[in-house]
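J.: target.cif is the file, holding mmCIF, C-alpha atoms:
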data_final
loop_
_atom_site.group_PDB
_atom_site.id
_atom_site.type_symbol
_atom_site.label_atom_id
_atom_site.label_comp_id
_atom_site.auth_asym_id
_atom_site.auth_seq_id
_atom_site.Cartn_x
_atom_site.Cartn_y
_atom_site.Cartn_z
ATOM 1 C CA MET N 1 -2.825 -2.338 -8.958
ATOM 2 C CA GLN N 2 -2.284 -5.943 -10.006
ATOM 3 C CA GLU N 3 0.368 -4.863 -12.498
ATOM 4 C CA CYS N 4 2.405 -3.056 -9.842
ATOM 5 C CA LYS N 5 2.107 -5.992 -7.456
ATOM 6 C CA ARG N 6 3.203 -8.313 -10.244
ATOM 7 C CA ALA N 7 6.223 -6.097 -10.984
ATOM 8 C CA VAL N 8 7.250 -6.327 -7.322
ATOM 9 C CA ASP N 9 6.707 -10.095 -7.312
ATOM 10 C CA LEU N 10 8.753 -10.558 -10.497
ATOM 11 C CA ASN N 11 11.605 -8.372 -9.275
ATOM 12 C CA PRO N 12 11.503 -8.015 -5.481
ATOM 13 C CA HIS N 13 14.898 -6.289 -5.489
ATOM 14 C CA SER N 14 13.745 -3.420 -7.711
ATOM 15 C CA ARG N 15 13.605 -0.145 -5.803
ATOM 16 C CA ASP N 16 11.660 1.376 -8.700
ATOM 17 C CA ALA N 17 8.966 -1.309 -8.549
ATOM 18 C CA HIS N 18 8.554 -0.834 -4.796
ATOM 19 C CA ARG N 19 8.496 2.959 -5.190
ATOM 20 C CA ALA N 20 5.830 2.766 -7.925
ATOM 21 C CA TYR N 21 3.766 0.362 -5.840
ATOM 22 C CA ALA N 22 4.111 2.665 -2.816
ATOM 23 C CA LEU N 23 2.912 5.646 -4.845
ATOM 24 C CA LEU N 24 -0.056 3.697 -6.163
ATOM 25 C CA ARG N 25 -1.045 2.520 -2.696
ATOM 26 C CA PHE N 26 -0.711 6.051 -1.354
ATOM 27 C CA HIS N 27 -2.996 7.423 -4.054
ATOM 28 C CA LEU N 28 -5.504 4.680 -3.268
ATOM 29 C CA GLY N 29 -5.590 5.881 0.356
ATOM 30 C CA GLN N 30 -3.554 2.972 1.695
ATOM 31 C CA GLN N 31 -1.059 5.016 3.720
ATOM 32 C CA TYR N 32 0.224 2.199 5.917
ATOM 33 C CA GLU N 33 0.862 -0.053 2.947
ATOM 34 C CA ALA N 34 2.532 2.850 1.134
ATOM 35 C CA VAL N 35 4.873 3.301 4.101
ATOM 36 C CA ALA N 36 5.784 -0.396 4.036
ATOM 37 C CA GLU N 37 6.539 -0.366 0.304
ATOM 38 C CA SER N 38 8.536 2.859 0.519
ATOM 39 C CA LYS N 39 10.553 1.437 3.423
ATOM 40 C CA ARG N 40 11.413 -1.540 1.221
ATOM 41 C CA ALA N 41 12.466 0.780 -1.620
ATOM 42 C CA GLY N 42 14.611 2.677 0.890
ATOM 43 C CA GLU N 43 16.253 -0.521 2.096
ATOM 44 C CA LEU N 44 17.159 -1.350 -1.492
ATOM 45 C CA ASP N 45 18.605 2.127 -2.133
ATOM 46 C CA PRO N 46 19.240 3.962 1.153
ATOM 47 C CA LEU N 47 20.988 6.886 -0.556
ATOM 48 C CA SER N 48 18.076 7.734 -2.838
ATOM 49 C CA LEU N 49 16.783 11.234 -2.187
ATOM 50 C CA ILE N 50 13.377 10.516 -3.676
ATOM 51 C CA ASN N 51 12.921 7.264 -1.739
ATOM 52 C CA ASN N 52 13.738 8.971 1.571
ATOM 53 C CA THR N 53 11.493 11.905 0.705
ATOM 54 C CA LEU N 54 8.530 9.773 -0.334
ATOM 55 C CA GLU N 55 8.854 7.661 2.787
ATOM 56 C CA GLY N 56 8.810 10.860 4.850
ATOM 57 C CA MET N 57 5.704 12.066 3.025
ATOM 58 C CA PHE N 58 3.917 8.746 3.474
ATOM 59 C CA LEU N 59 4.860 8.635 7.168
ATOM 60 C CA HIS N 60 3.411 12.119 7.605
ATOM 61 C CA PHE N 61 0.125 11.170 5.966
ATOM 62 C CA ALA N 62 0.021 8.029 8.121
ATOM 63 C CA GLY N 63 0.250 10.270 11.209
ATOM 64 C CA ARG N 64 3.804 9.271 12.127
ATOM 65 C CA ASP N 65 5.313 12.746 12.161
ATOM 66 C CA ASP N 66 8.361 12.053 14.333
ATOM 67 C CA GLU N 67 9.503 9.417 11.871
ATOM 68 C CA ALA N 68 8.502 11.621 8.940
ATOM 69 C CA ALA N 69 10.655 14.493 10.197
ATOM 70 C CA ALA N 70 13.628 12.171 10.667
ATOM 71 C CA ARG N 71 13.283 10.705 7.175
ATOM 72 C CA LEU N 72 12.898 14.112 5.520
ATOM 73 C CA GLN N 73 15.889 15.434 7.461
ATOM 74 C CA LYS N 74 17.906 12.445 6.259
ATOM 75 C CA ALA N 75 17.110 13.370 2.660
ATOM 76 C CA LEU N 76 18.040 16.999 3.315
ATOM 77 C CA GLU N 77 21.328 15.966 4.923
ATOM 78 C CA MET N 78 22.194 14.305 1.622
ATOM 79 C CA ASP N 79 21.142 17.371 -0.403
ATOM 80 C CA SER N 80 19.905 20.478 1.405
ATOM 81 C CA ASN N 81 18.611 21.892 -1.888
ATOM 82 C CA PHE N 82 16.356 18.947 -2.711
ATOM 83 C CA TRP N 83 13.213 21.041 -2.812
ATOM 84 C CA ILE N 84 10.796 18.105 -2.872
ATOM 85 C CA ALA N 85 11.913 17.127 0.632
ATOM 86 C CA HIS N 86 11.181 20.668 1.788
ATOM 87 C CA LEU N 87 7.516 20.431 0.690
ATOM 88 C CA THR N 88 6.273 18.239 3.541
ATOM 89 C CA LEU N 89 8.478 19.466 6.375
ATOM 90 C CA PRO N 90 6.385 22.579 7.215
ATOM 91 C CA LYS N 91 3.273 20.392 7.501
ATOM 92 C CA VAL N 92 5.083 17.950 9.772
ATOM 93 C CA TYR N 93 6.270 20.739 12.056
ATOM 94 C CA THR N 94 2.830 22.369 12.131
ATOM 95 C CA ARG N 95 1.095 19.171 13.160
ATOM 96 C CA ARG N 96 3.734 18.710 15.870
ATOM 97 C CA ARG N 97 2.965 22.289 17.025
ATOM 98 C CA MET N 98 6.534 23.333 16.269
ATOM 99 C CA TYR N 99 5.449 26.640 14.780
ATOM 100 C CA PRO N 100 8.809 28.477 14.692
ATOM 101 C CA GLU N 101 10.339 25.484 12.901
ATOM 102 C CA ALA N 102 7.381 25.375 10.494
ATOM 103 C CA ILE N 103 7.852 29.046 9.627
ATOM 104 C CA THR N 104 11.577 28.529 9.100
ATOM 105 C CA ALA N 105 10.876 25.462 6.958
ATOM 106 C CA CYS N 106 8.470 27.516 4.804
ATOM 107 C CA ARG N 107 11.079 30.214 4.343
ATOM 108 C CA VAL N 108 13.705 27.663 3.364
ATOM 109 C CA LEU N 109 11.257 26.068 0.922
ATOM 110 C CA LEU N 110 10.598 29.437 -0.705
ATOM 111 C CA PHE N 111 14.307 30.206 -0.933
ATOM 112 C CA VAL N 112 15.225 26.812 -2.365
ATOM 113 C CA THR N 113 12.436 26.813 -4.940
ATOM 114 C CA ARG N 114 13.185 30.371 -6.036
ATOM 115 C CA HIS N 115 16.885 29.691 -6.477
ATOM 116 C CA ARG N 116 16.934 26.111 -7.747
ATOM 117 C CA HIS N 117 17.311 27.248 -11.368
ATOM 118 C CA LEU N 118 20.629 28.914 -10.483
ATOM 119 C CA ARG N 119 22.227 25.561 -9.675
ATOM 120 C CA ASN N 120 21.697 24.406 -13.257
ATOM 121 C CA VAL N 121 23.692 27.287 -14.757
#
Show me the file's structure as structure tokens.

T.:
Amino acid sequence: MQECKRAVDLNPHSRDAHRAYALLRFHLGQQYEAVAESKRAGELDPLSLINNTLEGMFLHFAGRDDEAAARLQKALEMDSNFWIAHLTLPKVYTRRRMYPEAITACRVLLFVTRHRHLRNV
């Protein structure tokens, strides 16, 4: 943990350092701190699909599902086939009791993951 914090301190404008620190904090059960670090990574690179997606995931696990849905939708607006962003959306909708949307999100996730290899041809 100290190494990640040091990387952020040495280069506070590094989106990668903030993203790594956010992931570490998330895995240590520090959801609120993970959200803060991922927000900083997103500020440094607002067009990053992975930064927007991770922030959405962290927001969901912090119980902030309205914000999580918005962040995940932002990532999907940039690339509707970014399957990683589709992973958390069904959970967000389910917790919000938006069951038809959750079912649709699951179907989209299945479609995108089944067909993602075709985009690389």

J.: Applying 9 Å and all atoms listed in the file, which residues near Val35 in chain N remain after dropping the ones on its own chain fewer than 2 positions away? List them as number ranges by chain.

T.: N: 22, 26, 30-33, 37-40, 54-59, 62

J.: Nearest to Ala7 in chain N: which of N:Tyr21, N:Lys74, N:Leu44, N:Arg96 is it, counting only C-alpha atoms?

T.: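 So, comparing all the options, the nearest one is N:Tyr21.
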
J.: Report, in Å to a single decimal, how far apart CA of Cys4 in chain N and CA of Ala17 in chain N are.

T.: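 Taking CA of Ala17 in chain N as the start and CA of Cys4 in chain N as the end point, the length is 6.9 Å.
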
J.: Between N:Phe61, N:Ser14, N:Gln73, N:His27, which is the closest to Arg95 in chain N once you count all atoms listed in the file?

T.: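 Looking at the shortest contact to Arg95 in chain N, the residue is N:Phe61.
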
J.: Calculate how many Å separate CA of Pro100 in chain N from CA of Ile50 in chain N, rounding to one decimal.

T.: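 Between CA of Pro100 in chain N and CA of Ile50 in chain N the gap works out to 26.1 Å.
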
J.: Neighbouring residues of range 107-111 of chain N were defined as those with any atom within 7 Å, considering all atoms listed in the file; residues of the same chain fewer than 3 positions away were excluded. Please report them as number ranges by chain.

T.: N: 83, 86-87, 103-104, 114-115

J.: Which residue gives the smallest distance to Met78 in chain N among N:Thr94, N:Gln2, N:Thr113, N:Asn52, with all atoms listed in the file counted?

T.: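 Closest residue, counting all atoms listed in the file: N:Asn52.
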
J.: Provide the CA of Leu10 in chain N to CA of Leu49 in chain N distance in Å, to one decimal place.

T.: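 Spanning CA of Leu10 in chain N to CA of Leu49 in chain N is a straight-line distance of 24.7 Å.
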
J.: For a quick check of understanding, using all atoms listed in the file, which of N:Leu24, N:His13, N:Ala68, N:Ala85 has the smallest distance to Asp45 in chain N?

T.: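 Closest candidate: N:His13.
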
J.: Could you pull the residues within 6 Å of Asp65 in chain N, counting all atoms listed in the file, minus those fewer than 4 positions along the same chain, as a list in words?

T.: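 Listed by chain and then number, they are His60, Ala69 and Val92 of chain N.
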
J.: Go ahead and write the residues just picked, C-alpha atoms, as a short mmCIF file (atom, residue, chain, number, x, y, z; two decimals), keeping the file's coordinate frame.

T.:
data_model
loop_
_atom_site.label_atom_id
_atom_site.label_comp_id
_atom_site.auth_asym_id
_atom_site.auth_seq_id
_atom_site.Cartn_x
_atom_site.Cartn_y
_atom_site.Cartn_z
CA HIS N 60 3.41 12.12 7.60
CA ALA N 69 10.66 14.49 10.20
CA VAL N 92 5.08 17.95 9.77
#

J.: Check the smallest atom-to-atom distance from each of N:Arg64, N:Arg71, N:Met1, N:Arg97 to Arg25 in chain N using only C-alpha atoms, then report the winner.

T.: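 Among N:Arg64, N:Arg71, N:Met1, N:Arg97, it is N:Met1 that comes nearest to Arg25 in chain N.
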
J.: Which is closer to Gly63 in chain N than all the others in N:Lys91, N:Ala75, N:Phe82, N:Leu28, using all atoms listed in the file?

T.: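 The shortest atom-to-atom distance to Gly63 in chain N comes from N:Lys91.
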